[in-house]
$ cat data.cif   # mmCIF, C-alpha atoms
data_start
#
loop_
_atom_site.group_PDB
_atom_site.id
_atom_site.type_symbol
_atom_site.label_atom_id
_atom_site.label_comp_id
_atom_site.auth_asym_id
_atom_site.auth_seq_id
_atom_site.Cartn_x
_atom_site.Cartn_y
_atom_site.Cartn_z
ATOM 1 C CA MET Q 1 10.111 -169.879 247.279
ATOM 2 C CA LEU Q 2 12.981 -167.906 245.718
ATOM 3 C CA LEU Q 3 16.148 -167.419 247.766
ATOM 4 C CA PRO Q 4 17.977 -164.099 247.360
ATOM 5 C CA VAL Q 5 21.618 -164.265 246.264
ATOM 6 C CA THR Q 6 23.867 -161.217 246.731
ATOM 7 C CA ALA Q 7 26.910 -160.623 244.495
ATOM 8 C CA THR Q 8 29.414 -157.741 244.738
ATOM 9 C CA ASN Q 9 31.415 -156.546 241.704
ATOM 10 C CA PRO Q 10 34.971 -155.887 242.925
ATOM 11 C CA THR Q 11 35.740 -153.562 240.003
ATOM 12 C CA THR Q 12 32.798 -151.184 240.278
ATOM 13 C CA GLY Q 13 31.904 -151.859 243.883
ATOM 14 C CA THR Q 14 28.232 -152.344 243.102
ATOM 15 C CA THR Q 15 26.144 -154.992 244.791
ATOM 16 C CA THR Q 16 23.574 -157.013 242.873
ATOM 17 C CA THR Q 17 20.883 -159.142 244.509
ATOM 18 C CA THR Q 18 19.343 -161.876 242.409
ATOM 19 C CA ALA Q 19 16.664 -164.343 243.361
ATOM 20 C CA LEU Q 20 17.822 -167.952 243.025
ATOM 21 C CA GLY Q 21 15.889 -169.580 240.204
ATOM 22 C CA SER Q 22 15.100 -166.337 238.400
ATOM 23 C CA ILE Q 23 16.540 -165.129 235.066
ATOM 24 C CA ASP Q 24 19.622 -162.916 235.341
ATOM 25 C CA ASN Q 25 19.159 -159.959 232.979
ATOM 26 C CA THR Q 26 22.481 -158.360 233.828
ATOM 27 C CA PRO Q 27 24.203 -157.374 230.536
ATOM 28 C CA LEU Q 28 27.429 -159.191 229.802
ATOM 29 C CA PRO Q 29 30.585 -157.105 229.601
ATOM 30 C CA GLU Q 30 31.540 -156.160 226.080
ATOM 31 C CA GLU Q 31 34.506 -158.015 224.601
ATOM 32 C CA LYS Q 32 37.385 -155.918 223.505
ATOM 33 C CA GLU Q 33 38.048 -156.025 219.771
ATOM 34 C CA ASP Q 34 41.317 -157.553 218.725
ATOM 35 C CA SER Q 35 43.374 -154.637 217.562
ATOM 36 C CA GLU Q 36 45.856 -156.884 215.814
ATOM 37 C CA THR Q 37 44.698 -157.465 212.201
ATOM 38 C CA ASP Q 38 46.341 -159.260 209.282
ATOM 39 C CA ASP Q 39 47.425 -156.419 207.014
ATOM 40 C CA GLU Q 40 48.152 -158.767 204.123
ATOM 41 C CA LEU Q 41 44.681 -160.322 204.324
ATOM 42 C CA VAL Q 42 43.068 -156.901 204.334
ATOM 43 C CA ARG Q 43 45.103 -155.823 201.321
ATOM 44 C CA ILE Q 44 44.155 -158.941 199.293
ATOM 45 C CA THR Q 45 40.491 -158.609 200.262
ATOM 46 C CA GLU Q 46 40.343 -154.994 199.175
ATOM 47 C CA ALA Q 47 42.137 -155.799 195.931
ATOM 48 C CA ASN Q 48 39.688 -158.609 195.092
ATOM 49 C CA ARG Q 49 36.715 -156.318 195.436
ATOM 50 C CA CYS Q 50 37.658 -154.593 192.181
ATOM 51 C CA ILE Q 51 39.056 -157.064 189.653
ATOM 52 C CA LYS Q 52 40.060 -155.232 186.538
ATOM 53 C CA SER Q 53 38.938 -156.836 183.283
ATOM 54 C CA GLU Q 54 40.255 -156.147 179.815
ATOM 55 C CA PRO Q 55 38.026 -154.009 177.629
ATOM 56 C CA ARG Q 56 35.918 -156.030 175.210
ATOM 57 C CA SER Q 57 37.316 -154.117 172.274
ATOM 58 C CA SER Q 58 40.857 -155.180 173.271
ATOM 59 C CA VAL Q 59 39.905 -158.875 173.461
ATOM 60 C CA THR Q 60 38.103 -158.690 170.120
ATOM 61 C CA SER Q 61 41.074 -157.046 168.436
ATOM 62 C CA GLN Q 62 43.462 -159.717 169.731
ATOM 63 C CA THR Q 63 41.177 -162.519 168.470
ATOM 64 C CA THR Q 64 40.914 -160.862 165.059
ATOM 65 C CA LEU Q 65 44.693 -160.425 164.925
ATOM 66 C CA ARG Q 66 45.356 -164.123 165.613
ATOM 67 C CA ARG Q 67 42.734 -165.186 163.071
ATOM 68 C CA ASP Q 68 44.422 -163.060 160.428
ATOM 69 C CA LEU Q 69 47.693 -164.892 161.075
ATOM 70 C CA LEU Q 70 46.276 -168.283 159.995
ATOM 71 C CA VAL Q 71 47.418 -167.998 156.390
ATOM 72 C CA PHE Q 72 50.466 -168.978 154.376
ATOM 73 C CA ALA Q 73 53.120 -166.404 153.606
ATOM 74 C CA GLU Q 74 52.773 -164.865 150.171
ATOM 75 C CA THR Q 75 56.204 -165.839 148.875
ATOM 76 C CA PRO Q 76 57.508 -169.364 149.577
ATOM 77 C CA SER Q 77 61.196 -170.206 149.392
ATOM 78 C CA VAL Q 78 62.012 -172.631 146.532
ATOM 79 C CA LEU Q 79 65.360 -174.345 146.058
ATOM 80 C CA THR Q 80 65.865 -176.439 142.925
ATOM 81 C CA LYS Q 81 68.844 -178.747 142.452
ATOM 82 C CA SER Q 82 69.674 -181.431 139.918
ATOM 83 C CA ASP Q 83 68.219 -184.212 142.081
ATOM 84 C CA ARG Q 84 65.671 -182.445 144.304
ATOM 85 C CA VAL Q 85 63.171 -179.632 144.771
ATOM 86 C CA ILE Q 86 62.751 -178.051 148.233
ATOM 87 C CA VAL Q 87 59.802 -175.757 148.983
ATOM 88 C CA HIS Q 88 59.643 -173.878 152.300
ATOM 89 C CA ASN Q 89 56.271 -172.380 153.300
ATOM 90 C CA LYS Q 90 55.531 -170.396 156.450
ATOM 91 C CA TYR Q 91 52.105 -170.859 158.049
ATOM 92 C CA GLY Q 92 50.439 -169.052 160.947
ATOM 93 C CA ALA Q 93 52.596 -165.920 160.796
ATOM 94 C CA GLY Q 94 50.545 -163.710 158.496
ATOM 95 C CA LEU Q 95 51.111 -162.878 154.846
ATOM 96 C CA SER Q 96 54.551 -161.471 155.571
ATOM 97 C CA GLY Q 97 55.724 -164.663 157.266
ATOM 98 C CA ASP Q 98 57.318 -162.698 160.131
ATOM 99 C CA LEU Q 99 55.573 -163.292 163.446
ATOM 100 C CA ASP Q 100 55.725 -160.671 166.182
ATOM 101 C CA PRO Q 101 58.288 -161.846 168.800
ATOM 102 C CA ALA Q 102 55.749 -161.100 171.528
ATOM 103 C CA LEU Q 103 53.471 -163.805 170.101
ATOM 104 C CA MET Q 104 56.156 -166.465 169.733
ATOM 105 C CA LYS Q 105 56.179 -169.441 172.080
ATOM 106 C CA LYS Q 106 59.192 -169.827 174.335
ATOM 107 C CA THR Q 107 59.169 -173.636 174.114
ATOM 108 C CA GLN Q 108 61.777 -175.688 172.275
ATOM 109 C CA LYS Q 109 61.053 -176.222 168.579
ATOM 110 C CA ARG Q 110 60.297 -179.763 167.435
ATOM 111 C CA SER Q 111 60.530 -181.044 163.862
ATOM 112 C CA TYR Q 112 58.781 -184.032 162.293
ATOM 113 C CA LEU Q 113 59.401 -185.890 159.035
ATOM 114 C CA VAL Q 114 56.607 -187.672 157.186
ATOM 115 C CA ALA Q 115 57.297 -189.991 154.237
ATOM 116 C CA CYS Q 116 54.623 -189.485 151.574
ATOM 117 C CA ASP Q 117 53.791 -191.700 148.594
ATOM 118 C CA PHE Q 118 50.376 -190.068 147.923
ATOM 119 C CA SER Q 119 48.516 -193.154 149.166
ATOM 120 C CA GLU Q 120 45.600 -192.866 151.558
ATOM 121 C CA GLU Q 121 47.740 -194.138 154.433
ATOM 122 C CA SER Q 122 50.504 -191.575 153.913
ATOM 123 C CA ILE Q 123 48.018 -188.694 153.601
ATOM 124 C CA HIS Q 124 46.455 -189.850 156.854
ATOM 125 C CA ALA Q 125 49.929 -189.899 158.448
ATOM 126 C CA ILE Q 126 50.494 -186.249 157.452
ATOM 127 C CA GLU Q 127 47.131 -185.192 158.834
ATOM 128 C CA TRP Q 128 47.695 -187.180 162.045
ATOM 129 C CA THR Q 129 51.075 -185.506 162.602
ATOM 130 C CA MET Q 130 49.648 -182.025 162.097
ATOM 131 C CA GLY Q 131 46.622 -182.558 164.319
ATOM 132 C CA THR Q 132 48.130 -184.725 167.072
ATOM 133 C CA MET Q 133 51.855 -184.070 167.437
ATOM 134 C CA MET Q 134 52.512 -180.525 166.277
ATOM 135 C CA ARG Q 135 52.344 -177.408 168.464
ATOM 136 C CA ASP Q 136 52.906 -173.723 167.754
ATOM 137 C CA GLY Q 137 56.420 -173.031 166.505
ATOM 138 C CA ASP Q 138 57.133 -176.581 165.260
ATOM 139 C CA GLY Q 139 58.363 -177.661 161.824
ATOM 140 C CA LEU Q 140 57.200 -180.374 159.415
ATOM 141 C CA TYR Q 141 59.173 -182.033 156.605
ATOM 142 C CA VAL Q 142 57.086 -183.908 154.029
ATOM 143 C CA VAL Q 143 59.318 -186.057 151.826
ATOM 144 C CA THR Q 144 58.552 -187.962 148.637
ATOM 145 C CA VAL Q 145 61.124 -189.853 146.569
ATOM 146 C CA ILE Q 146 61.151 -190.731 142.867
ATOM 147 C CA ASN Q 147 63.122 -193.907 142.252
ATOM 148 C CA LYS Q 148 65.414 -193.124 139.338
ATOM 149 C CA ASP Q 149 66.095 -196.834 138.691
ATOM 150 C CA GLU Q 150 62.459 -197.351 137.665
ATOM 151 C CA ALA Q 151 62.032 -194.194 135.634
ATOM 152 C CA VAL Q 152 60.886 -194.801 132.062
ATOM 153 C CA ASP Q 153 62.685 -191.790 130.638
ATOM 154 C CA SER Q 154 65.885 -191.085 132.546
ATOM 155 C CA SER Q 155 66.862 -187.981 130.596
ATOM 156 C CA LYS Q 156 67.676 -184.921 132.675
ATOM 157 C CA LYS Q 157 64.936 -182.745 131.218
ATOM 158 C CA SER Q 158 62.253 -185.402 131.693
ATOM 159 C CA MET Q 159 63.409 -186.109 135.233
ATOM 160 C CA MET Q 160 63.201 -182.427 136.177
ATOM 161 C CA ARG Q 161 59.643 -182.262 134.837
ATOM 162 C CA GLU Q 162 58.702 -185.277 136.911
ATOM 163 C CA LEU Q 163 60.398 -183.808 139.972
ATOM 164 C CA GLN Q 164 58.563 -180.501 139.585
ATOM 165 C CA LYS Q 165 55.212 -182.217 139.088
ATOM 166 C CA ALA Q 166 55.664 -184.370 142.194
ATOM 167 C CA SER Q 167 56.837 -181.312 144.164
ATOM 168 C CA ASP Q 168 53.738 -179.342 143.194
ATOM 169 C CA ASN Q 169 51.481 -182.234 144.194
ATOM 170 C CA VAL Q 170 53.040 -182.878 147.601
ATOM 171 C CA THR Q 171 53.212 -179.145 148.393
ATOM 172 C CA GLU Q 172 49.573 -178.487 147.506
ATOM 173 C CA GLU Q 173 48.374 -181.534 149.451
ATOM 174 C CA SER Q 174 50.413 -180.548 152.518
ATOM 175 C CA LYS Q 175 49.121 -176.965 152.369
ATOM 176 C CA ARG Q 176 45.543 -178.189 152.036
ATOM 177 C CA LEU Q 177 45.864 -180.240 155.214
ATOM 178 C CA MET Q 178 47.693 -177.492 157.117
ATOM 179 C CA ASN Q 179 44.955 -174.973 156.292
ATOM 180 C CA GLN Q 180 42.623 -176.991 158.522
ATOM 181 C CA MET Q 181 44.872 -176.635 161.593
ATOM 182 C CA LEU Q 182 44.826 -173.986 164.326
ATOM 183 C CA LEU Q 183 48.604 -173.639 164.502
ATOM 184 C CA PHE Q 184 50.893 -170.604 164.501
ATOM 185 C CA ASP Q 185 54.478 -170.004 163.359
ATOM 186 C CA ILE Q 186 54.824 -173.325 161.478
ATOM 187 C CA ASP Q 187 57.579 -174.175 159.006
ATOM 188 C CA LEU Q 188 56.181 -176.492 156.308
ATOM 189 C CA ILE Q 189 58.993 -177.839 154.107
ATOM 190 C CA THR Q 190 58.471 -180.334 151.280
ATOM 191 C CA TYR Q 191 61.305 -182.385 149.785
ATOM 192 C CA THR Q 192 60.968 -184.076 146.404
ATOM 193 C CA ILE Q 193 64.074 -186.174 145.739
ATOM 194 C CA CYS Q 194 65.213 -188.329 142.837
ATOM 195 C CA GLY Q 195 67.199 -191.358 143.935
ATOM 196 C CA ARG Q 196 66.978 -194.694 145.688
ATOM 197 C CA VAL Q 197 64.260 -194.467 148.298
ATOM 198 C CA LYS Q 198 65.978 -195.966 151.335
ATOM 199 C CA GLU Q 199 69.270 -194.215 150.692
ATOM 200 C CA ALA Q 200 67.620 -190.844 150.114
ATOM 201 C CA LEU Q 201 65.526 -191.055 153.303
ATOM 202 C CA THR Q 202 68.442 -192.264 155.426
ATOM 203 C CA LYS Q 203 70.712 -189.454 154.238
ATOM 204 C CA LEU Q 204 68.000 -186.853 154.817
ATOM 205 C CA ILE Q 205 67.305 -188.118 158.339
ATOM 206 C CA TRP Q 206 70.968 -187.645 159.286
ATOM 207 C CA GLU Q 207 71.077 -184.139 157.763
ATOM 208 C CA LEU Q 208 67.915 -182.632 159.259
ATOM 209 C CA PRO Q 209 67.207 -181.840 162.948
ATOM 210 C CA ILE Q 210 64.308 -184.287 163.282
ATOM 211 C CA THR Q 211 62.484 -185.136 166.502
ATOM 212 C CA MET Q 212 60.370 -187.979 165.100
ATOM 213 C CA ILE Q 213 59.585 -189.768 161.822
ATOM 214 C CA VAL Q 214 55.997 -190.624 160.909
ATOM 215 C CA CYS Q 215 54.958 -192.925 158.043
ATOM 216 C CA GLY Q 216 52.011 -195.049 156.982
ATOM 217 C CA SER Q 217 51.931 -198.789 157.532
ATOM 218 C CA ARG Q 218 51.294 -199.698 153.911
ATOM 219 C CA GLY Q 219 50.419 -198.249 150.526
ATOM 220 C CA ARG Q 220 51.596 -198.128 146.936
ATOM 221 C CA SER Q 221 52.683 -194.911 145.350
ATOM 222 C CA THR Q 222 51.796 -193.490 141.998
ATOM 223 C CA VAL Q 223 55.388 -192.293 142.151
ATOM 224 C CA LYS Q 224 57.344 -195.423 141.308
ATOM 225 C CA GLY Q 225 59.501 -197.167 143.826
ATOM 226 C CA LEU Q 226 58.067 -195.911 147.131
ATOM 227 C CA LEU Q 227 56.360 -198.865 148.739
ATOM 228 C CA MET Q 228 55.369 -197.771 152.241
ATOM 229 C CA GLY Q 229 55.246 -201.228 153.819
ATOM 230 C CA SER Q 230 58.905 -202.017 153.202
ATOM 231 C CA ILE Q 231 60.030 -198.431 153.846
ATOM 232 C CA SER Q 232 58.333 -198.225 157.238
ATOM 233 C CA THR Q 233 59.898 -201.541 158.268
ATOM 234 C CA TYR Q 234 63.314 -200.336 157.124
ATOM 235 C CA LEU Q 235 63.007 -197.049 159.031
ATOM 236 C CA VAL Q 236 61.933 -198.758 162.252
ATOM 237 C CA HIS Q 237 65.087 -200.903 162.221
ATOM 238 C CA ASN Q 238 67.615 -198.368 160.903
ATOM 239 C CA SER Q 239 66.500 -194.861 161.881
ATOM 240 C CA PRO Q 240 68.577 -192.976 164.496
ATOM 241 C CA VAL Q 241 65.437 -191.132 165.686
ATOM 242 C CA PRO Q 242 62.075 -192.528 166.901
ATOM 243 C CA VAL Q 243 59.684 -193.786 164.212
ATOM 244 C CA THR Q 244 55.901 -193.850 164.502
ATOM 245 C CA VAL Q 245 53.958 -196.049 162.064
ATOM 246 C CA ILE Q 246 50.346 -194.942 161.593
ATOM 247 C CA ARG Q 247 47.886 -197.666 160.730
ATOM 248 C CA PRO Q 248 44.818 -196.836 158.629
ATOM 249 C CA GLU Q 249 41.585 -196.229 160.448
ATOM 250 C CA LYS Q 250 39.300 -199.220 160.569
ATOM 251 C CA LYS Q 251 36.098 -198.679 158.683
ATOM 252 C CA LYS Q 252 32.982 -199.603 160.582
ATOM 253 C CA ARG Q 253 31.020 -202.418 159.046
ATOM 254 C CA ILE Q 254 27.390 -201.664 158.389
ATOM 255 C CA SER Q 255 25.350 -204.611 159.614
ATOM 256 C CA VAL Q 256 22.445 -205.517 157.352
ATOM 257 C CA VAL Q 257 19.339 -206.664 159.215
ATOM 258 C CA LYS Q 258 17.875 -209.600 157.363
ATOM 259 C CA PRO Q 259 14.077 -209.901 157.308
ATOM 260 C CA PRO Q 260 12.658 -212.790 159.370
ATOM 261 C CA VAL Q 261 11.818 -215.991 157.503
ATOM 262 C CA HIS Q 262 8.340 -217.364 158.190
ATOM 263 C CA ALA Q 263 7.963 -221.128 157.910
ATOM 264 C CA ILE Q 264 5.004 -222.431 155.869
ATOM 265 C CA PRO Q 265 2.722 -224.833 157.773
ATOM 266 C CA LEU Q 266 3.156 -228.527 156.878
ATOM 267 C CA SER Q 267 -0.465 -228.970 155.766
ATOM 268 C CA GLN Q 268 -0.177 -226.022 153.384
ATOM 269 C CA SER Q 269 3.041 -227.418 151.909
ATOM 270 C CA VAL Q 270 1.319 -230.725 151.182
ATOM 271 C CA GLU Q 271 -1.629 -228.970 149.563
ATOM 272 C CA THR Q 272 0.586 -226.881 147.317
ATOM 273 C CA LYS Q 273 2.633 -230.037 146.513
ATOM 274 C CA GLN Q 274 5.812 -228.407 147.825
ATOM 275 C CA LEU Q 275 6.163 -231.400 150.147
ATOM 276 C CA ALA Q 276 5.363 -234.966 149.025
ATOM 277 C CA VAL Q 277 4.265 -237.519 151.625
ATOM 278 C CA ASP Q 278 5.444 -241.101 151.142
ATOM 279 C CA GLU Q 279 2.139 -243.008 151.532
ATOM 280 C CA LEU Q 280 3.792 -246.417 151.002
ATOM 281 C CA SER Q 281 5.746 -245.995 154.210
ATOM 282 C CA HIS Q 282 2.419 -245.915 156.083
ATOM 283 C CA SER Q 283 0.763 -248.861 154.215
ATOM 284 C CA HIS Q 284 3.735 -251.264 154.492
ATOM 285 C CA PRO Q 285 5.309 -251.140 157.903
ATOM 286 C CA PRO Q 286 8.965 -252.248 157.984
ATOM 287 C CA TRP Q 287 8.154 -255.076 160.384
#

$ encode --input "data.cif" --output "structure tokens"
Amino acid sequence: MLLPVTATNPTTGTTTTTALGSIDNTPLPEEKEDSETDDELVRITEANRCIKSEPRSSVTSQTTLRRDLLVFAETPSVLTKSDRVIVHNKYGAGLSGDLDPALMKKTQKRSYLVACDFSEESIHAIEWTMGTMMRDGDGLYVVTVINKDEAVDSSKKSMMRELQKASDNVTEESKRLMNQMLLFDIDLITYTICGRVKEALTKLIWELPITMIVCGSRGRSTVKGLLMGSISTYLVHNSPVPVTVIRPEKKKRISVVKPPVHAIPLSQSVETKQLAVDELSHSHPPW
């Protein structure tokens, strides 16, 4: 049996009778919408509905422009003195060597010095510095020294020829390695100096604004007098700036799998007379 329940709405004055236990189908009053909205949230939402993207032609042109910059400047700066040859090349700034200021990095410029004796270790040190340490806008000094005390012909004309030859070699090798790098606005400067190795390097380190020195751990130069093992040790103990010594990469040993050795049965060894049996030991026991 369902009991009637009467309810009066004080707002409208209407009376509603509902049977107890039945389902009340009276519609609920509508909730008022919150008139207060976050204007900033609405603005961001509307802005995110239409995200402007750069035209594809613009992106392609910028990529092509940066790729065209990855060359050396046409005219390097060469300074020749009685005891040295200095070659300054600009890389990553186009053929003109003048990079657009809008493309220049705003970070502080860092400069590195690498001692080169044309050994495998020193070449690896140059490549390691370019690929690991350098960033856009940095500078690299590659220095090689000809020891005048060990020169066979110490005449001025012969020494200048040897200086120029060593300068050409170190410049070409440095440019070859730099051509493999994705770097922009780089100053590549090679120094070829005639003098005592340790004195020449020490003087140069004090003159140049160097952030770090990099050299190989060992190696013997075709240019006389530059022995990298002793030079790297000297620089570590006497340099006013940090020194990083690069060790050569360890070559992986190729393990040779030896074929398995199959033992010949004892009976077959006796038959082929590869193994002789002492019959007297069986006929005359030791006891």

$ resolve_selection --input "data.cif" --expression "the PyMOL selection byres ((chain Q and resi 138-143) around 8)" --output "ChimeraX atom specification"
/Q:109-116,126,134-137,144-145,170,174,185-193

$ atom_distance --input "data.cif" --atom1 "atom CA of Lys156 of chain Q" --atom2 "atom CA of Val78 of chain Q"
19.4 Å

$ atom_distance --input "data.cif" --atom1 "atom CA of Met160 of chain Q" --atom2 "atom CA of Ser82 of chain Q"
7.5 Å

$ resolve_selection --input "data.cif" --expression "the PyMOL selection byres ((chain Q and resi 99) around 12)" --output "PyMOL selection string"
chain Q and resi 65-66+68-73+90-98+100-105+136-137+184-187

$ write_last_selection --input "data.cif" --atoms "C-alpha atoms" --output "PDB file, keeping the file's coordinate frame"
ATOM      1  CA  LEU Q  65      44.693-160.425 164.925  1.00  0.00           C
ATOM      2  CA  ARG Q  66      45.356-164.123 165.613  1.00  0.00           C
ATOM      3  CA  ASP Q  68      44.422-163.060 160.428  1.00  0.00           C
ATOM      4  CA  LEU Q  69      47.693-164.892 161.075  1.00  0.00           C
ATOM      5  CA  LEU Q  70      46.276-168.283 159.995  1.00  0.00           C
ATOM      6  CA  VAL Q  71      47.418-167.998 156.390  1.00  0.00           C
ATOM      7  CA  PHE Q  72      50.466-168.978 154.376  1.00  0.00           C
ATOM      8  CA  ALA Q  73      53.120-166.404 153.606  1.00  0.00           C
ATOM      9  CA  LYS Q  90      55.531-170.396 156.450  1.00  0.00           C
ATOM     10  CA  TYR Q  91      52.105-170.859 158.049  1.00  0.00           C
ATOM     11  CA  GLY Q  92      50.439-169.052 160.947  1.00  0.00           C
ATOM     12  CA  ALA Q  93      52.596-165.920 160.796  1.00  0.00           C
ATOM     13  CA  GLY Q  94      50.545-163.710 158.496  1.00  0.00           C
ATOM     14  CA  LEU Q  95      51.111-162.878 154.846  1.00  0.00           C
ATOM     15  CA  SER Q  96      54.551-161.471 155.571  1.00  0.00           C
ATOM     16  CA  GLY Q  97      55.724-164.663 157.266  1.00  0.00           C
ATOM     17  CA  ASP Q  98      57.318-162.698 160.131  1.00  0.00           C
ATOM     18  CA  ASP Q 100      55.725-160.671 166.182  1.00  0.00           C
ATOM     19  CA  PRO Q 101      58.288-161.846 168.800  1.00  0.00           C
ATOM     20  CA  ALA Q 102      55.749-161.100 171.528  1.00  0.00           C
ATOM     21  CA  LEU Q 103      53.471-163.805 170.101  1.00  0.00           C
ATOM     22  CA  MET Q 104      56.156-166.465 169.733  1.00  0.00           C
ATOM     23  CA  LYS Q 105      56.179-169.441 172.080  1.00  0.00           C
ATOM     24  CA  ASP Q 136      52.906-173.723 167.754  1.00  0.00           C
ATOM     25  CA  GLY Q 137      56.420-173.031 166.505  1.00  0.00           C
ATOM     26  CA  PHE Q 184      50.893-170.604 164.501  1.00  0.00           C
ATOM     27  CA  ASP Q 185      54.478-170.004 163.359  1.00  0.00           C
ATOM     28  CA  ILE Q 186      54.824-173.325 161.478  1.00  0.00           C
ATOM     29  CA  ASP Q 187      57.579-174.175 159.006  1.00  0.00           C
TER      30      ASP Q 187
END

$ resolve_selection --input "data.cif" --expression "the PyMOL selection byres ((chain Q and resi 209-214) around 12)" --output "PDB file with C-alpha atoms, in the frame of the given file"
ATOM      1  CA  GLN Q 108      61.777-175.688 172.275  1.00  0.00           C
ATOM      2  CA  LYS Q 109      61.053-176.222 168.579  1.00  0.00           C
ATOM      3  CA  ARG Q 110      60.297-179.763 167.435  1.00  0.00           C
ATOM      4  CA  SER Q 111      60.530-181.044 163.862  1.00  0.00           C
ATOM      5  CA  TYR Q 112      58.781-184.032 162.293  1.00  0.00           C
ATOM      6  CA  LEU Q 113      59.401-185.890 159.035  1.00  0.00           C
ATOM      7  CA  VAL Q 114      56.607-187.672 157.186  1.00  0.00           C
ATOM      8  CA  ALA Q 115      57.297-189.991 154.237  1.00  0.00           C
ATOM      9  CA  CYS Q 116      54.623-189.485 151.574  1.00  0.00           C
ATOM     10  CA  GLU Q 121      47.740-194.138 154.433  1.00  0.00           C
ATOM     11  CA  SER Q 122      50.504-191.575 153.913  1.00  0.00           C
ATOM     12  CA  ILE Q 123      48.018-188.694 153.601  1.00  0.00           C
ATOM     13  CA  HIS Q 124      46.455-189.850 156.854  1.00  0.00           C
ATOM     14  CA  ALA Q 125      49.929-189.899 158.448  1.00  0.00           C
ATOM     15  CA  ILE Q 126      50.494-186.249 157.452  1.00  0.00           C
ATOM     16  CA  GLU Q 127      47.131-185.192 158.834  1.00  0.00           C
ATOM     17  CA  TRP Q 128      47.695-187.180 162.045  1.00  0.00           C
ATOM     18  CA  THR Q 129      51.075-185.506 162.602  1.00  0.00           C
ATOM     19  CA  MET Q 130      49.648-182.025 162.097  1.00  0.00           C
ATOM     20  CA  THR Q 132      48.130-184.725 167.072  1.00  0.00           C
ATOM     21  CA  MET Q 133      51.855-184.070 167.437  1.00  0.00           C
ATOM     22  CA  MET Q 134      52.512-180.525 166.277  1.00  0.00           C
ATOM     23  CA  ASP Q 138      57.133-176.581 165.260  1.00  0.00           C
ATOM     24  CA  GLY Q 139      58.363-177.661 161.824  1.00  0.00           C
ATOM     25  CA  LEU Q 140      57.200-180.374 159.415  1.00  0.00           C
ATOM     26  CA  TYR Q 141      59.173-182.033 156.605  1.00  0.00           C
ATOM     27  CA  VAL Q 142      57.086-183.908 154.029  1.00  0.00           C
ATOM     28  CA  VAL Q 143      59.318-186.057 151.826  1.00  0.00           C
ATOM     29  CA  LEU Q 201      65.526-191.055 153.303  1.00  0.00           C
ATOM     30  CA  THR Q 202      68.442-192.264 155.426  1.00  0.00           C
ATOM     31  CA  LEU Q 204      68.000-186.853 154.817  1.00  0.00           C
ATOM     32  CA  ILE Q 205      67.305-188.118 158.339  1.00  0.00           C
ATOM     33  CA  TRP Q 206      70.968-187.645 159.286  1.00  0.00           C
ATOM     34  CA  GLU Q 207      71.077-184.139 157.763  1.00  0.00           C
ATOM     35  CA  LEU Q 208      67.915-182.632 159.259  1.00  0.00           C
ATOM     36  CA  CYS Q 215      54.958-192.925 158.043  1.00  0.00           C
ATOM     37  CA  GLY Q 216      52.011-195.049 156.982  1.00  0.00           C
ATOM     38  CA  SER Q 217      51.931-198.789 157.532  1.00  0.00           C
ATOM     39  CA  MET Q 228      55.369-197.771 152.241  1.00  0.00           C
ATOM     40  CA  ILE Q 231      60.030-198.431 153.846  1.00  0.00           C
ATOM     41  CA  SER Q 232      58.333-198.225 157.238  1.00  0.00           C
ATOM     42  CA  THR Q 233      59.898-201.541 158.268  1.00  0.00           C
ATOM     43  CA  LEU Q 235      63.007-197.049 159.031  1.00  0.00           C
ATOM     44  CA  VAL Q 236      61.933-198.758 162.252  1.00  0.00           C
ATOM     45  CA  ASN Q 238      67.615-198.368 160.903  1.00  0.00           C
ATOM     46  CA  SER Q 239      66.500-194.861 161.881  1.00  0.00           C
ATOM     47  CA  PRO Q 240      68.577-192.976 164.496  1.00  0.00           C
ATOM     48  CA  VAL Q 241      65.437-191.132 165.686  1.00  0.00           C
ATOM     49  CA  PRO Q 242      62.075-192.528 166.901  1.00  0.00           C
ATOM     50  CA  VAL Q 243      59.684-193.786 164.212  1.00  0.00           C
ATOM     51  CA  THR Q 244      55.901-193.850 164.502  1.00  0.00           C
ATOM     52  CA  VAL Q 245      53.958-196.049 162.064  1.00  0.00           C
ATOM     53  CA  ILE Q 246      50.346-194.942 161.593  1.00  0.00           C
ATOM     54  CA  ARG Q 247      47.886-197.666 160.730  1.00  0.00           C
TER      55      ARG Q 247
END

$ closest_residue --input "data.cif" --among "Q:Gln180, Q:Lys198, Q:Arg84, Q:Glu46" --to "Ser167 of chain Q" --atoms "all atoms listed in the file"
Q:Arg84

$ atom_distance --input "data.cif" --atom1 "atom CA of Asn89 of chain Q" --atom2 "atom CA of Leu183 of chain Q"
13.6 Å

$ decode --input "data.cif" --residues "segment 192-206 of chain Q" --atoms "C-alpha atoms" --output "short mmCIF file (atom, residue, chain, number, x, y, z; two decimals), in the first residue's frame"
data_model
loop_
_atom_site.label_atom_id
_atom_site.label_comp_id
_atom_site.auth_asym_id
_atom_site.auth_seq_id
_atom_site.Cartn_x
_atom_site.Cartn_y
_atom_site.Cartn_z
CA THR Q 192 104.15 27.31 -37.02
CA ILE Q 193 107.06 28.46 -34.86
CA CYS Q 194 110.81 27.93 -35.01
CA GLY Q 195 112.41 27.71 -31.58
CA ARG Q 196 112.72 25.58 -28.48
CA VAL Q 197 109.49 23.67 -28.04
CA LYS Q 198 108.74 24.26 -24.36
CA GLU Q 199 109.75 27.90 -24.44
CA ALA Q 200 107.74 28.62 -27.58
CA LEU Q 201 104.58 26.97 -26.22
CA THR Q 202 104.88 28.64 -22.81
CA LYS Q 203 105.31 32.09 -24.34
CA LEU Q 204 102.37 31.55 -26.69
CA ILE Q 205 100.11 30.38 -23.87
CA TRP Q 206 100.75 33.62 -21.95
#
